[in-house]
Amino acid sequence: MSGAIIVLDIKYDEILNRIIKVVVSYATDARQNDKDDRVNNLLTQQLSDFKQFNLFKKNLETLKTLETMSKLIQPVDCFHCIKCISNDIKTIYEKEFAITNGDVQKILTEGHGIPLFNVDRVGPSIAYWAPKHQIMEIDWKFIKDIIIQGEMHESFRSLHRMWISMEKSRTPHLFLPPGRNQYLLNDELENEIELMENYYISPELPEVQFSLLQAPLKFLHPKEDSTIFASALIEFVVWLDPPVYVSDNVARHIGSYAGIVNRGYFVSSAFQKKDPQTLSLEQLLVSN
């Protein structure tokens, strides 16, 4: 299937009556370097399984949305923005991996979480929690190398994950220029003059500092009066899988940390959980 945005090649074996391979590419030559075999493997698996067909459609829609927005809001490149976030979560994981001598379970329970890529959804996600019994069942020594390689393992699906993507926003935001590949500050490699002119440097909030790292992480925030950044009506979004239900008050506290509490995103309303098996945030904290 060929389109103006995404090109999808599907290899089908008529004798075996099964899909052999799905390969996604992009209609523009500039995007050819963004091909990823892990994305192809994920789409192949999902298209081959009728139960996962909805996920297959959602992932294609995500890729199409990122590419469409990138074309409309040049010079901001959504794929580059996602890579910056991916580099950040990998760097943080590597720091905590070194401090804990490779104790992945401790990074999950006490650190910033485990970076995962293309697990059910295309792009980066962070495993941030799991029930105690599932933590005990996972062979952490075995999957340690798999995580470093960015590969997939079935046990990842038992972890609670936050999936990171981008979508249109109501207000404009500034994004990193193509020459910078992450938001995380590297004190040893940074040009201090450039930083002072173009960025605010903000540490992690004291309330959410993690004990594994000796010093708070520092992140770069583009200055609005700088001339090196592009502005666009898009923003990063995080989806929790499975969903976590919270009260309106808790949602507003979370929103205040993210800087969106006063932007009309929160509407007071009563709701019921669609899935009775899904725990609320309060239930997760109390029971585990």
# chains A, B, ... in the order shown; residues from 1 in each chain; ligands from 1
>>> closest_atom_pairs(of="range 207-244 of chain A", to="range 66-76 of chain A", cutoff="8 Å", atoms="only C-alpha atoms", output="JSON lines")
{"residue": "A:Ala230", "atom": "CA", "partner": "A:Val76", "partner_atom": "CA", "distance": 6.2}
{"residue": "A:Ser231", "atom": "CA", "partner": "A:Val76", "partner_atom": "CA", "distance": 7.5}
{"residue": "A:Ala232", "atom": "CA", "partner": "A:Ile73", "partner_atom": "CA", "distance": 6.1}
>>> write_last_selection(atoms="C-alpha atoms", output="PDB file, in the first residue's frame")
ATOM      1  CA  ALA A 230      11.077  26.934  16.277  1.00  0.00           C
ATOM      2  CA  SER A 231       7.606  27.214  17.765  1.00  0.00           C
ATOM      3  CA  ALA A 232       4.663  24.959  16.924  1.00  0.00           C
TER       4      ALA A 232
END
>>> select_by_dssp(residues="range 199-243 of chain A", states="strand (DSSP E)", output="number ranges by chain")
A: 199-203, 218-222, 230-241
>>> write_last_selection(atoms="C-alpha atoms", output="mmCIF file, in the first residue's frame")
data_model
loop_
_atom_site.group_PDB
_atom_site.id
_atom_site.type_symbol
_atom_site.label_atom_id
_atom_site.label_comp_id
_atom_site.auth_asym_id
_atom_site.auth_seq_id
_atom_site.Cartn_x
_atom_site.Cartn_y
_atom_site.Cartn_z
ATOM 1 C CA TYR A 199 18.158 28.005 27.682
ATOM 2 C CA TYR A 200 16.781 27.947 31.158
ATOM 3 C CA ILE A 201 18.269 25.131 33.210
ATOM 4 C CA SER A 202 15.785 23.552 35.577
ATOM 5 C CA PRO A 203 16.503 20.737 38.045
ATOM 6 C CA LYS A 218 19.122 19.079 35.016
ATOM 7 C CA PHE A 219 17.035 19.711 31.912
ATOM 8 C CA LEU A 220 17.190 22.391 29.242
ATOM 9 C CA HIS A 221 14.173 24.596 28.559
ATOM 10 C CA PRO A 222 14.295 26.846 25.481
ATOM 11 C CA ALA A 230 11.077 26.934 16.277
ATOM 12 C CA SER A 231 7.606 27.214 17.765
ATOM 13 C CA ALA A 232 4.663 24.959 16.924
ATOM 14 C CA LEU A 233 1.177 24.046 18.138
ATOM 15 C CA ILE A 234 2.229 20.578 19.265
ATOM 16 C CA GLU A 235 3.203 19.034 22.590
ATOM 17 C CA PHE A 236 4.469 15.848 24.169
ATOM 18 C CA VAL A 237 1.781 13.577 25.589
ATOM 19 C CA VAL A 238 2.005 10.568 27.885
ATOM 20 C CA TRP A 239 -0.506 7.709 27.888
ATOM 21 C CA LEU A 240 -0.602 5.246 30.772
ATOM 22 C CA ASP A 241 -1.015 1.564 29.914
#
>>> residues_around(residues="range 108-125 of chain A", least_positions_apart="2", cutoff="6 Å", atoms="only C-alpha atoms", output="ChimeraX atom specification")
/A:59,86,105-106,127-128,162-164,210,212
>>> atom_distance(atom1="CA of Leu185 in chain A", atom2="CA of Leu159 in chain A")
28.6 Å
>>> residues_around(residues="Asn40 in chain A", least_positions_apart="5", cutoff="9 Å", atoms="only C-alpha atoms", output="PyMOL selection string")
chain A and resi 21-24+35+45
>>> write_last_selection(atoms="N, CA and C atoms", output="short mmCIF file (atom, residue, chain, number, x, y, z; two decimals), in the first residue's frame")
data_model
loop_
_atom_site.label_atom_id
_atom_site.label_comp_id
_atom_site.auth_asym_id
_atom_site.auth_seq_id
_atom_site.Cartn_x
_atom_site.Cartn_y
_atom_site.Cartn_z
N LYS A 21 6.01 -10.45 6.45
CA LYS A 21 6.72 -9.25 6.87
C LYS A 21 5.93 -8.00 6.50
N VAL A 22 5.94 -7.03 7.41
CA VAL A 22 5.40 -5.70 7.14
C VAL A 22 6.57 -4.72 7.25
N VAL A 23 6.74 -3.91 6.21
CA VAL A 23 7.82 -2.93 6.20
C VAL A 23 7.21 -1.56 5.96
N VAL A 24 7.44 -0.65 6.90
CA VAL A 24 6.92 0.71 6.77
C VAL A 24 8.05 1.65 6.37
N LYS A 35 13.85 4.64 9.31
CA LYS A 35 13.36 3.26 9.27
C LYS A 35 13.89 2.49 10.47
N GLN A 45 3.83 -8.45 13.66
CA GLN A 45 3.18 -9.24 14.70
C GLN A 45 1.72 -8.85 14.87
#
>>> select_by_dssp(residues="range 28-232 of chain A", states="alpha helix (DSSP H)", output="number ranges by chain")
A: 37-48, 53-72, 78-99, 104-110, 132-137, 140-149, 192-198
